[in-house]
$ cat protein-v2.txt   # compact mmCIF, C-alpha atoms
# COMPACT_ATOMS: atom_id res chain seq x y z
CA MET A 1173 0.00 0.00 0.00
CA SER A 1174 2.95 2.28 0.52
CA ASN A 1175 3.43 1.57 -3.16
CA ILE A 1176 0.05 3.02 -4.02
CA SER A 1177 1.64 5.64 -6.23
CA HIS A 1178 3.41 2.90 -8.18
CA LEU A 1179 0.25 1.21 -9.35
CA ASN A 1180 0.47 1.09 -13.11
CA ALA A 1181 -2.18 0.83 -15.78
CA ASP A 1182 -2.16 -2.98 -15.54
CA HIS A 1183 -2.98 -2.89 -11.85
CA ILE A 1184 -5.80 -0.44 -12.39
CA ASP A 1185 -7.14 -2.68 -15.17
CA ILE A 1186 -7.14 -5.67 -12.84
CA LEU A 1187 -9.06 -3.76 -10.19
CA ARG A 1188 -11.53 -2.57 -12.82
CA GLU A 1189 -12.00 -6.15 -13.99
CA ILE A 1190 -12.71 -7.20 -10.40
CA GLY A 1191 -15.42 -4.55 -10.22
CA ASN A 1192 -16.74 -5.70 -13.57
CA ILE A 1193 -16.98 -9.38 -12.65
CA GLY A 1194 -18.30 -8.80 -9.13
CA ALA A 1195 -20.88 -6.18 -9.93
CA GLY A 1196 -21.82 -7.91 -13.19
CA ASN A 1197 -22.72 -11.02 -11.25
CA ALA A 1198 -24.63 -8.98 -8.67
CA ALA A 1199 -26.50 -7.03 -11.35
CA THR A 1200 -27.60 -10.33 -12.90
CA ALA A 1201 -28.85 -11.48 -9.51
CA LEU A 1202 -30.70 -8.22 -9.04
CA SER A 1203 -32.22 -8.45 -12.46
CA GLN A 1204 -33.50 -11.99 -11.76
CA LEU A 1205 -34.81 -10.98 -8.37
CA LEU A 1206 -36.84 -8.10 -9.76
CA ASN A 1207 -37.48 -9.57 -13.17
CA LYS A 1208 -36.23 -6.31 -14.67
CA LYS A 1209 -33.40 -5.19 -16.83
CA ILE A 1210 -30.59 -3.68 -14.79
CA GLU A 1211 -27.85 -1.69 -16.43
CA MET A 1212 -24.35 -1.37 -15.15
CA ASN A 1213 -21.73 1.28 -15.82
CA VAL A 1214 -18.12 0.51 -16.57
CA PRO A 1215 -16.49 0.28 -13.14
CA SER A 1216 -14.28 3.12 -12.13
CA VAL A 1217 -11.17 2.65 -10.06
CA GLN A 1218 -10.20 5.79 -8.26
CA ILE A 1219 -7.51 6.79 -5.86
CA VAL A 1220 -9.12 9.52 -3.82
CA SER A 1221 -8.70 11.42 -0.57
CA PHE A 1222 -11.32 10.70 2.09
CA ASP A 1223 -13.12 13.96 1.36
CA GLU A 1224 -13.10 13.27 -2.38
CA MET A 1225 -14.61 9.88 -1.65
CA MET A 1226 -17.61 11.61 -0.04
CA ASP A 1227 -17.92 13.89 -3.07
CA LEU A 1228 -18.14 10.83 -5.33
CA VAL A 1229 -21.50 10.04 -3.77
CA GLY A 1230 -22.95 13.52 -3.59
CA GLY A 1231 -21.42 14.83 -0.36
CA ALA A 1232 -21.09 13.47 3.16
CA GLU A 1233 -24.55 14.60 4.24
CA GLN A 1234 -26.48 12.84 1.50
CA VAL A 1235 -28.92 10.42 3.12
CA VAL A 1236 -28.79 6.93 1.64
CA ALA A 1237 -29.73 3.34 2.37
CA ALA A 1238 -26.58 1.27 2.65
CA VAL A 1239 -25.75 -2.36 3.20
CA PHE A 1240 -22.30 -2.81 4.67
CA LEU A 1241 -20.36 -5.96 5.13
CA ARG A 1242 -16.90 -6.77 6.24
CA ILE A 1243 -14.87 -9.26 4.22
CA GLU A 1244 -12.48 -11.51 6.10
CA GLY A 1245 -10.17 -14.16 4.71
CA GLU A 1246 -7.20 -13.90 2.38
CA ALA A 1247 -8.01 -10.40 1.14
CA PRO A 1248 -9.91 -8.54 3.88
CA GLY A 1249 -11.77 -5.38 3.09
CA ASN A 1250 -15.10 -3.61 3.20
CA MET A 1251 -17.99 -3.65 0.84
CA PHE A 1252 -20.92 -1.28 0.56
CA PHE A 1253 -24.04 -1.43 -1.55
CA VAL A 1254 -25.41 2.11 -1.52
CA LEU A 1255 -28.85 3.12 -2.79
CA SER A 1256 -30.51 6.50 -3.07
CA LEU A 1257 -33.63 6.56 -0.91
CA SER A 1258 -35.91 6.79 -3.93
CA GLN A 1259 -34.23 3.81 -5.58
CA ALA A 1260 -34.33 1.79 -2.37
CA GLU A 1261 -38.05 2.55 -2.04
CA ARG A 1262 -38.68 1.40 -5.60
CA PHE A 1263 -36.84 -1.88 -4.97
CA VAL A 1264 -38.76 -2.52 -1.76
CA LYS A 1265 -42.08 -1.84 -3.48
CA GLN A 1266 -41.20 -4.22 -6.31
CA MET A 1267 -40.07 -6.98 -3.98
CA THR A 1268 -42.82 -6.79 -1.40
CA GLY A 1269 -45.73 -5.32 -3.33
CA GLU A 1270 -46.08 -2.87 -0.45
CA HIS A 1271 -46.76 0.17 -2.57
CA GLY A 1272 -47.03 2.62 0.27
CA PHE A 1273 -43.51 1.92 1.53
CA SER A 1274 -41.54 5.05 2.29
CA PHE A 1275 -38.57 5.85 4.48
CA SER A 1276 -40.10 9.12 5.61
CA SER A 1277 -43.29 7.60 6.99
CA GLN A 1278 -43.58 4.74 9.45
CA GLN A 1279 -40.93 2.24 8.46
CA SER A 1280 -42.16 -1.25 7.82
CA GLU A 1281 -40.22 -4.17 9.23
CA LEU A 1282 -40.99 -6.14 6.10
CA GLY A 1283 -39.63 -3.42 3.85
CA LEU A 1284 -36.40 -3.06 5.77
CA SER A 1285 -35.84 -6.76 6.00
CA ALA A 1286 -36.48 -7.11 2.25
CA LEU A 1287 -33.83 -4.47 1.65
CA GLN A 1288 -31.39 -6.21 3.95
CA GLU A 1289 -31.99 -9.47 2.11
CA LEU A 1290 -31.47 -7.72 -1.21
CA GLY A 1291 -28.14 -6.42 0.05
CA ASN A 1292 -27.28 -9.87 1.31
CA ILE A 1293 -27.93 -11.53 -2.03
CA LEU A 1294 -26.15 -8.89 -4.06
CA ALA A 1295 -23.09 -8.66 -1.87
CA GLY A 1296 -22.93 -12.46 -1.76
CA SER A 1297 -22.99 -12.74 -5.54
CA TYR A 1298 -20.39 -9.97 -5.91
CA LEU A 1299 -18.07 -11.74 -3.49
CA SER A 1300 -18.53 -15.24 -4.82
CA ALA A 1301 -17.68 -14.00 -8.32
CA LEU A 1302 -14.63 -12.27 -6.91
CA ALA A 1303 -13.56 -15.39 -5.02
CA ASP A 1304 -14.00 -17.58 -8.13
CA PHE A 1305 -11.99 -15.18 -10.23
CA THR A 1306 -9.07 -14.82 -7.83
CA HIS A 1307 -9.22 -18.24 -6.10
CA LEU A 1308 -8.89 -16.35 -2.81
CA LYS A 1309 -10.85 -17.44 0.25
CA LEU A 1310 -13.21 -14.61 1.18
CA TYR A 1311 -15.67 -14.76 4.06
CA PRO A 1312 -18.36 -12.09 4.25
CA SER A 1313 -19.81 -11.01 7.59
CA VAL A 1314 -23.57 -10.80 8.04
CA PRO A 1315 -24.50 -7.57 6.25
CA ALA A 1316 -25.80 -4.62 8.24
CA LEU A 1317 -28.37 -2.23 6.80
CA THR A 1318 -28.57 1.40 7.78
CA VAL A 1319 -30.26 4.55 6.54
CA ASP A 1320 -28.14 7.57 7.37
CA MET A 1321 -25.68 10.16 6.08
CA ILE A 1322 -23.31 8.54 3.64
CA GLY A 1323 -20.27 10.19 5.20
CA ALA A 1324 -20.99 8.57 8.54
CA ILE A 1325 -21.47 5.18 6.86
CA LEU A 1326 -18.43 5.17 4.59
CA GLN A 1327 -16.16 6.18 7.48
CA TYR A 1328 -16.21 2.53 8.55
CA GLY A 1329 -14.72 1.54 5.22
CA LEU A 1330 -11.86 3.98 5.66
CA LEU A 1331 -10.64 3.01 9.13
CA GLU A 1332 -8.09 0.38 8.09
CA LEU A 1333 -6.92 2.53 5.19
CA SER A 1334 -6.56 5.58 7.40
CA ARG A 1335 -3.92 3.81 9.45
CA VAL A 1336 -1.54 3.79 6.49
CA GLY A 1337 -2.40 6.96 4.64
CA ASP A 1338 -4.91 9.54 3.63
CA TYR A 1339 -6.08 7.92 0.43
CA ALA A 1340 -8.48 5.15 -0.53
CA ILE A 1341 -8.55 2.95 -3.60
CA VAL A 1342 -12.21 2.66 -4.46
CA ILE A 1343 -13.65 0.19 -6.94
CA ASP A 1344 -16.99 1.76 -7.77
CA THR A 1345 -19.65 0.27 -10.03
CA ALA A 1346 -22.94 2.06 -10.56
CA VAL A 1347 -26.14 0.19 -11.45
CA HIS A 1348 -29.55 1.49 -12.39
CA GLU A 1349 -32.87 0.28 -13.71
CA GLU A 1350 -33.18 0.44 -17.45
CA GLN A 1351 -35.93 3.02 -17.68
CA GLU A 1352 -35.24 5.12 -14.63
CA PRO A 1353 -33.48 8.45 -14.79
CA GLN A 1354 -29.93 8.25 -13.53
CA ASP A 1355 -29.09 10.46 -10.61
CA SER A 1356 -25.81 10.62 -8.76
CA VAL A 1357 -26.44 7.64 -6.50
CA ASN A 1358 -29.04 5.28 -7.87
CA GLY A 1359 -27.09 2.28 -6.79
CA HIS A 1360 -23.38 1.81 -6.18
CA PHE A 1361 -21.19 -1.09 -5.22
CA PHE A 1362 -18.08 0.06 -3.41
CA LEU A 1363 -15.28 -2.37 -2.74
CA LEU A 1364 -12.55 -1.05 -0.45
CA PRO A 1365 -9.81 -3.63 0.05
CA ASP A 1366 -7.69 -3.24 3.19
CA PRO A 1367 -4.17 -1.94 2.53
CA ASP A 1368 -2.58 -5.37 2.84
CA SER A 1369 -5.06 -7.02 0.49
CA PHE A 1370 -3.75 -5.56 -2.73
CA ALA A 1371 -0.68 -7.78 -2.83
CA PRO A 1372 -2.67 -11.06 -2.53
CA ILE A 1373 -5.26 -9.87 -5.05
CA PHE A 1374 -2.65 -9.01 -7.67
CA ARG A 1375 -0.59 -12.11 -6.92
CA SER A 1376 -3.62 -14.35 -7.34
CA LEU A 1377 -3.92 -13.02 -10.87
CA GLY A 1378 -0.25 -13.41 -11.64
CA VAL A 1379 0.83 -9.80 -11.21
CA GLU A 1380 3.25 -8.62 -8.56
CA LEU A 1381 3.07 -5.24 -6.88
CA PRO A 1382 5.99 -3.06 -7.96
CA MET B 555 -22.13 47.03 7.41
CA ASN B 556 -23.20 43.76 5.95
CA GLU B 557 -20.37 41.41 6.57
CA VAL B 558 -20.69 38.10 4.78
CA ILE B 559 -20.78 35.19 7.20
CA ASN B 560 -18.62 32.33 6.03
CA VAL B 561 -18.95 28.75 7.10
CA ILE B 562 -15.52 27.16 7.33
CA LYS B 563 -15.74 23.47 6.40
CA VAL B 564 -13.51 20.95 8.07
CA GLY B 565 -12.91 17.67 6.24
CA ILE B 566 -12.19 14.21 7.60
CA ALA B 567 -8.99 14.02 9.67
CA ASP B 568 -8.59 17.76 9.38
CA MET B 569 -8.90 20.82 11.62
CA ASN B 570 -9.32 24.55 11.38
CA VAL B 571 -10.03 27.66 13.43
CA VAL B 572 -12.64 30.41 13.11
CA GLN B 573 -13.48 33.83 14.61
CA ALA B 574 -16.95 35.35 14.99
CA PRO B 575 -19.08 36.15 13.06
CA HIS B 576 -18.00 33.19 10.96
CA LEU B 577 -19.10 29.64 11.64
CA ILE B 578 -17.28 26.32 11.49
CA ARG B 579 -18.76 22.97 10.54
CA THR B 580 -18.01 19.36 9.71
CA SER B 581 -20.43 16.90 8.16
CA GLY B 582 -21.14 13.20 8.31
CA LEU B 583 -19.58 12.27 11.65
CA GLY B 584 -20.11 8.56 12.19
CA SER B 585 -17.54 6.86 14.38
CA CYS B 586 -15.43 10.00 14.09
CA VAL B 587 -15.55 12.65 16.81
CA GLY B 588 -15.85 16.38 16.21
CA VAL B 589 -14.18 18.41 18.97
CA ILE B 590 -14.59 22.16 19.44
CA ILE B 591 -12.12 24.01 21.63
CA PHE B 592 -13.07 27.65 22.12
CA ASP B 593 -12.56 30.89 24.02
CA GLN B 594 -16.03 32.33 24.49
CA MET B 595 -14.92 35.90 25.37
CA LYS B 596 -12.59 36.16 22.40
CA GLU B 597 -15.14 34.43 20.17
CA ILE B 598 -12.50 32.11 18.72
CA ALA B 599 -13.12 28.40 18.09
CA GLY B 600 -11.18 25.50 16.62
CA LEU B 601 -12.69 22.27 15.33
CA ALA B 602 -11.00 18.93 14.69
CA HIS B 603 -12.58 15.93 12.90
CA ILE B 604 -10.86 13.01 14.63
CA MET B 605 -10.90 9.53 13.10
CA LEU B 606 -8.85 7.26 15.35
CA PRO B 607 -8.05 7.21 19.08
CA ASP B 608 -4.30 6.93 19.08
CA SER B 609 -1.39 7.62 16.74
CA SER B 610 0.17 4.30 17.75
CA LEU B 611 -2.40 2.78 15.34
CA ALA B 612 -0.58 4.45 12.46
CA ARG B 613 1.30 2.07 10.23
CA SER B 614 3.27 4.57 8.21
CA GLY B 615 5.97 7.08 9.10
CA THR B 616 4.21 10.34 8.40
CA ILE B 617 0.99 10.98 10.27
CA SER B 618 -1.54 13.71 9.87
CA VAL B 619 -1.98 15.14 13.36
CA ALA B 620 -5.71 15.89 13.11
CA LYS B 621 -6.52 12.22 12.48
CA TYR B 622 -5.66 10.90 15.95
CA ALA B 623 -7.07 12.05 19.28
CA ASP B 624 -3.72 12.05 21.05
CA THR B 625 -2.10 14.36 18.49
CA ALA B 626 -5.14 16.40 17.41
CA ILE B 627 -6.13 17.90 20.77
CA GLU B 628 -2.68 19.28 21.45
CA ALA B 629 -2.39 20.69 17.92
CA LEU B 630 -5.89 22.18 18.11
CA ILE B 631 -5.08 23.96 21.38
CA THR B 632 -1.92 25.39 19.82
CA LEU B 633 -3.90 26.58 16.81
CA VAL B 634 -6.61 28.27 18.90
CA VAL B 635 -4.04 29.96 21.15
CA LYS B 636 -2.04 31.16 18.14
CA THR B 637 -5.22 32.75 16.76
CA GLY B 638 -5.72 34.70 19.99
CA GLY B 639 -7.51 32.31 22.37
CA ARG B 640 -6.35 32.31 25.99
CA LYS B 641 -5.20 28.94 27.19
CA SER B 642 -6.76 29.32 30.65
CA ALA B 643 -10.17 30.24 29.21
CA LEU B 644 -10.52 27.31 26.82
CA LYS B 645 -13.59 25.09 26.99
CA ALA B 646 -14.62 22.13 24.86
CA LYS B 647 -17.71 20.62 23.29
CA LEU B 648 -17.81 17.34 21.43
CA ALA B 649 -20.12 15.26 19.28
CA GLY B 650 -19.95 12.01 17.32
CA GLY B 651 -18.45 8.65 18.19
CA ALA B 652 -21.50 6.70 17.11
CA GLN B 653 -21.58 2.96 16.63
CA MET B 654 -23.36 2.75 13.29
CA PHE B 655 -23.10 -1.01 12.87
CA GLN B 656 -23.25 -3.96 15.22
CA PHE B 657 -20.93 -6.67 14.08
CA HIS B 658 -19.67 -9.95 15.36
CA SER B 659 -16.52 -10.32 13.35
CA ALA B 660 -12.86 -10.78 14.12
CA ASN B 661 -12.39 -7.09 13.71
CA THR B 662 -14.67 -5.91 16.51
CA ASP B 663 -12.04 -3.51 17.81
CA MET B 664 -12.35 -1.41 14.69
CA MET B 665 -16.14 -1.65 14.79
CA ARG B 666 -16.14 -0.27 18.33
CA ILE B 667 -14.02 2.66 17.21
CA GLY B 668 -16.68 5.31 17.99
CA PRO B 669 -16.73 4.80 21.79
CA ARG B 670 -12.94 4.43 21.79
CA ASN B 671 -12.57 7.76 20.01
CA VAL B 672 -14.80 9.51 22.56
CA GLU B 673 -12.84 8.03 25.45
CA ALA B 674 -9.51 9.07 23.94
CA VAL B 675 -10.68 12.63 23.24
CA LYS B 676 -11.92 13.03 26.83
CA GLN B 677 -8.62 11.74 28.17
CA GLN B 678 -6.69 14.27 26.12
CA LEU B 679 -8.92 17.17 27.15
CA GLN B 680 -8.40 16.18 30.76
CA ARG B 681 -4.67 16.08 30.23
CA PHE B 682 -4.74 19.72 29.17
CA HIS B 683 -7.28 20.67 31.88
CA ILE B 684 -9.93 21.77 29.41
CA PRO B 685 -13.46 21.38 30.81
CA ILE B 686 -16.10 19.73 28.62
CA ILE B 687 -19.24 21.85 28.85
CA GLY B 688 -21.36 20.04 26.30
CA GLU B 689 -21.43 16.68 24.53
CA ASP B 690 -23.63 14.58 22.30
CA VAL B 691 -21.84 11.29 21.76
CA GLY B 692 -22.53 7.63 21.09
CA GLY B 693 -25.81 6.31 19.73
CA ASN B 694 -26.06 4.92 16.23
CA SER B 695 -26.70 7.96 14.05
CA GLY B 696 -24.49 10.10 11.88
CA ARG B 697 -24.17 13.76 12.83
CA THR B 698 -23.39 17.05 11.14
CA ILE B 699 -22.23 19.77 13.50
CA GLU B 700 -21.84 23.52 13.25
CA PHE B 701 -20.39 25.83 15.89
CA ASN B 702 -21.01 29.52 16.36
CA PRO B 703 -18.12 31.15 18.28
CA LYS B 704 -20.27 34.24 18.97
CA THR B 705 -22.90 32.32 20.97
CA GLY B 706 -20.83 29.31 21.96
CA LEU B 707 -23.61 27.06 20.71
CA LEU B 708 -23.04 23.81 18.87
CA SER B 709 -25.86 22.79 16.56
CA ILE B 710 -26.12 19.07 15.81
CA ARG B 711 -28.15 17.61 12.99
CA THR B 712 -29.10 13.95 12.68
CA VAL B 713 -31.27 12.26 10.07
CA ASN B 714 -33.91 11.05 12.50
CA GLN B 715 -33.98 13.69 15.20
CA GLY B 716 -33.53 16.92 13.27
CA VAL B 717 -31.46 19.73 14.77
CA LYS B 718 -30.61 20.33 18.40
CA GLU B 719 -28.28 22.75 20.14
CA ILE B 720 -25.95 22.22 23.05
$ encode --input "protein-v2.txt" --output "structure tokens"
Amino acid sequence: MSNISHLNADHIDILREIGNIGAGNAATALSQLLNKKIEMNVPSVQIVSFDEMMDLVGGAEQVVAAVFLRIEGEAPGNMFFVLSLSQAERFVKQMTGEHGFSFSSQQSELGLSALQELGNILAGSYLSALADFTHLKLYPSVPALTVDMIGAILQYGLLELSRVGDYAIVIDTAVHEEQEPQDSVNGHFFLLPDPDSFAPIFRSLGVELP
Amino acid sequence: MNEVINVIKVGIADMNVVQAPHLIRTSGLGSCVGVIIFDQMKEIAGLAHIMLPDSSLARSGTISVAKYADTAIEALITLVVKTGGRKSALKAKLAGGAQMFQFHSANTDMMRIGPRNVEAVKQQLQRFHIPIIGEDVGGNSGRTIEFNPKTGLLSIRTVNQGVKEI
């Protein structure tokens, strides 16, 4: 991780491919779950300061629904599935048929648990694709769902990174429903490997860190 | 005289100082702790957005002082005093240190970072004999805070409970 500045185009390509395979698998799962076409953007791999990371998602105060899980195993890290509130509400309505569901009114247990399960399935399919691709053993924690300011949520993903520096390598893949307008955070997968996880990830794919 | 009031923004693991009539704020505090050290009479306030309890957690040579409680409080006091605050008159308010997620994983230490940050900040304030006259810490919600050095009031916004002042 001290070599972060030495990452070359090949390394960035590998990380982008990881985002592509993981989120691609998750988007397929989402599409099957909702019986809808889900589109996915080309993943972006960015090396950003912590404040820039918050700007990526519309500022630290933006309120979102987020599923967070910790990855343990041979390449520990953090994973977030972040949804805008309007997108999360649409998903809940489609899954539960509860058309009155809204985060601003009385929150329904069923709605929240459907959202948690959605996060569970998507994160699971992202990680299993990643584990197949790299042949690394990855164990996800039970995902936790929260609705709050995105800055407060993403801070948890930055703790390990903050011990070594002031930058994060973010693998970000945006997804959205085919016919919905695209705002800044419809849906995002963020994968934030811990500092020591980059070496095993690259090695598993036959590339050494410089 | 219509002076424009600026709001100085403090980022993650950063700090800054402000004089009335201007305001100072930091947004999206989760496990992080926002500390204000101020001289009410002089209307000068400093704010630090602290991420981790102790600089011994750092794994690289160069550290940014505002990131760790043990280095940030001392540096913040120096900054406020340099701007004109009197050391003997300094008081503190703090907010943040939430536990946003409950996890049972191997890494529980890091997940409990909010309460540990609060504890470390309090220890440091005590070390420099700065009384804490207001706090809103813990819980499981993110907070955005804004301090007005003129009134000495800290306004705290959360998603579920709106705005309150301490």
$ closest_residue --input "protein-v2.txt" --among "B:Pro575, B:Gly582, B:Pro669, B:Gly706" --to "chain A" --atoms "all atoms listed in the file"
B:Gly582
$ interface_residues --input "protein-v2.txt" --of "chain A" --to "chain B" --cutoff "7 Å" --atoms "only C-alpha atoms" --output "NGL selection string"
:A and (1222-1223 or 1232-1233 or 1313 or 1316 or 1320-1325 or 1327 or 1335-1336)
$ write_last_selection --input "protein-v2.txt" --atoms "C-alpha atoms" --output "mmCIF file, in the frame of the given file"
data_model
loop_
_atom_site.group_PDB
_atom_site.id
_atom_site.type_symbol
_atom_site.label_atom_id
_atom_site.label_comp_id
_atom_site.auth_asym_id
_atom_site.auth_seq_id
_atom_site.Cartn_x
_atom_site.Cartn_y
_atom_site.Cartn_z
ATOM 1 C CA PHE A 1222 -11.320 10.700 2.090
ATOM 2 C CA ASP A 1223 -13.120 13.960 1.360
ATOM 3 C CA ALA A 1232 -21.090 13.470 3.160
ATOM 4 C CA GLU A 1233 -24.550 14.600 4.240
ATOM 5 C CA SER A 1313 -19.810 -11.010 7.590
ATOM 6 C CA ALA A 1316 -25.800 -4.620 8.240
ATOM 7 C CA ASP A 1320 -28.140 7.570 7.370
ATOM 8 C CA MET A 1321 -25.680 10.160 6.080
ATOM 9 C CA ILE A 1322 -23.310 8.540 3.640
ATOM 10 C CA GLY A 1323 -20.270 10.190 5.200
ATOM 11 C CA ALA A 1324 -20.990 8.570 8.540
ATOM 12 C CA ILE A 1325 -21.470 5.180 6.860
ATOM 13 C CA GLN A 1327 -16.160 6.180 7.480
ATOM 14 C CA ARG A 1335 -3.920 3.810 9.450
ATOM 15 C CA VAL A 1336 -1.540 3.790 6.490
#
$ residues_around --input "protein-v2.txt" --residues "segment 588-595 of chain B" --least-positions-apart "2" --cutoff "7 Å" --atoms "all atoms listed in the file" --output "PDB file with C-alpha atoms, in the coordinates of the input"
ATOM      1  CA  CYS B 586     -15.430  10.000  14.090  1.00  0.00           C
ATOM      2  CA  GLU B 597     -15.140  34.430  20.170  1.00  0.00           C
ATOM      3  CA  ILE B 598     -12.500  32.110  18.720  1.00  0.00           C
ATOM      4  CA  ALA B 599     -13.120  28.400  18.090  1.00  0.00           C
ATOM      5  CA  GLY B 600     -11.180  25.500  16.620  1.00  0.00           C
ATOM      6  CA  LEU B 601     -12.690  22.270  15.330  1.00  0.00           C
ATOM      7  CA  ALA B 602     -11.000  18.930  14.690  1.00  0.00           C
ATOM      8  CA  HIS B 603     -12.580  15.930  12.900  1.00  0.00           C
ATOM      9  CA  ILE B 604     -10.860  13.010  14.630  1.00  0.00           C
ATOM     10  CA  GLY B 639      -7.510  32.310  22.370  1.00  0.00           C
ATOM     11  CA  ARG B 640      -6.350  32.310  25.990  1.00  0.00           C
ATOM     12  CA  ALA B 643     -10.170  30.240  29.210  1.00  0.00           C
ATOM     13  CA  LEU B 644     -10.520  27.310  26.820  1.00  0.00           C
ATOM     14  CA  LYS B 645     -13.590  25.090  26.990  1.00  0.00           C
ATOM     15  CA  ALA B 646     -14.620  22.130  24.860  1.00  0.00           C
ATOM     16  CA  LYS B 647     -17.710  20.620  23.290  1.00  0.00           C
ATOM     17  CA  LEU B 648     -17.810  17.340  21.430  1.00  0.00           C
ATOM     18  CA  ALA B 649     -20.120  15.260  19.280  1.00  0.00           C
ATOM     19  CA  GLY B 650     -19.950  12.010  17.320  1.00  0.00           C
ATOM     20  CA  PRO B 703     -18.120  31.150  18.280  1.00  0.00           C
ATOM     21  CA  GLY B 706     -20.830  29.310  21.960  1.00  0.00           C
TER      22      GLY B 706
END
$ residues_around --input "protein-v2.txt" --residues "Arg1188 of chain A" --least-positions-apart "5" --cutoff "8 Å" --atoms "all atoms listed in the file" --output "count of residues only"
4
$ residues_around --input "protein-v2.txt" --residues "Met1225 of chain A" --least-positions-apart "5" --cutoff "10 Å" --atoms "all atoms listed in the file" --output "ChimeraX atom specification"
/A:1218-1220,1230-1232,1323,1326-1327,1330,1339-1342
$ residues_around --input "protein-v2.txt" --residues "Glu628 of chain B" --least-positions-apart "5" --cutoff "12 Å" --atoms "all atoms listed in the file" --output "JSON list (two decimals) with C-alpha atoms, in the coordinates of the input"
[["chain", "number", "residue", "atom", "x", "y", "z"],
["B", 569, "MET", "CA", -8.90, 20.82, 11.62],
["B", 589, "VAL", "CA", -14.18, 18.41, 18.97],
["B", 591, "ILE", "CA", -12.12, 24.01, 21.63],
["B", 600, "GLY", "CA", -11.18, 25.50, 16.62],
["B", 602, "ALA", "CA", -11.00, 18.93, 14.69],
["B", 619, "VAL", "CA", -1.98, 15.14, 13.36],
["B", 620, "ALA", "CA", -5.71, 15.89, 13.11],
["B", 622, "TYR", "CA", -5.66, 10.90, 15.95],
["B", 623, "ALA", "CA", -7.07, 12.05, 19.28],
["B", 633, "LEU", "CA", -3.90, 26.58, 16.81],
["B", 634, "VAL", "CA", -6.61, 28.27, 18.90],
["B", 635, "VAL", "CA", -4.04, 29.96, 21.15],
["B", 641, "LYS", "CA", -5.20, 28.94, 27.19],
["B", 675, "VAL", "CA", -10.68, 12.63, 23.24],
["B", 677, "GLN", "CA", -8.62, 11.74, 28.17],
["B", 678, "GLN", "CA", -6.69, 14.27, 26.12],
["B", 679, "LEU", "CA", -8.92, 17.17, 27.15],
["B", 680, "GLN", "CA", -8.40, 16.18, 30.76],
["B", 681, "ARG", "CA", -4.67, 16.08, 30.23],
["B", 682, "PHE", "CA", -4.74, 19.72, 29.17],
["B", 683, "HIS", "CA", -7.28, 20.67, 31.88],
["B", 684, "ILE", "CA", -9.93, 21.77, 29.41]]
$ atom_distance --input "protein-v2.txt" --atom1 "atom CA of Ile578 of chain B" --atom2 "atom CA of Ile562 of chain B"
4.6 Å
$ residues_around --input "protein-v2.txt" --residues "Ala1371 of chain A" --least-positions-apart "2" --cutoff "10 Å" --atoms "all atoms listed in the file" --output "ChimeraX atom specification"
/A:1173,1247,1367-1369,1373-1376,1379-1382
$ axis_aligned_box --input "protein-v2.txt" --around "segment 1217-1233 of chain A" --padding-each-side "4 Å" --output "lines of an AutoDock Vina configuration file"
center_x = -16.0
center_y = 8.7
center_z = -2.9
size_x = 25.0
size_y = 20.2
size_z = 22.3
$ atom_distance --input "protein-v2.txt" --atom1 "atom CA of Pro1315 of chain A" --atom2 "atom CA of Ala1295 of chain A"
8.3 Å
$ atom_distance --input "protein-v2.txt" --atom1 "atom CA of Lys1309 of chain A" --atom2 "atom CA of Ser1334 of chain A"
24.5 Å
$ closest_residue --input "protein-v2.txt" --among "A:Ser1256, A:Asn1192, A:Asn1197, A:Ser1276" --to "His1360 of chain A" --atoms "all atoms listed in the file"
A:Ser1256
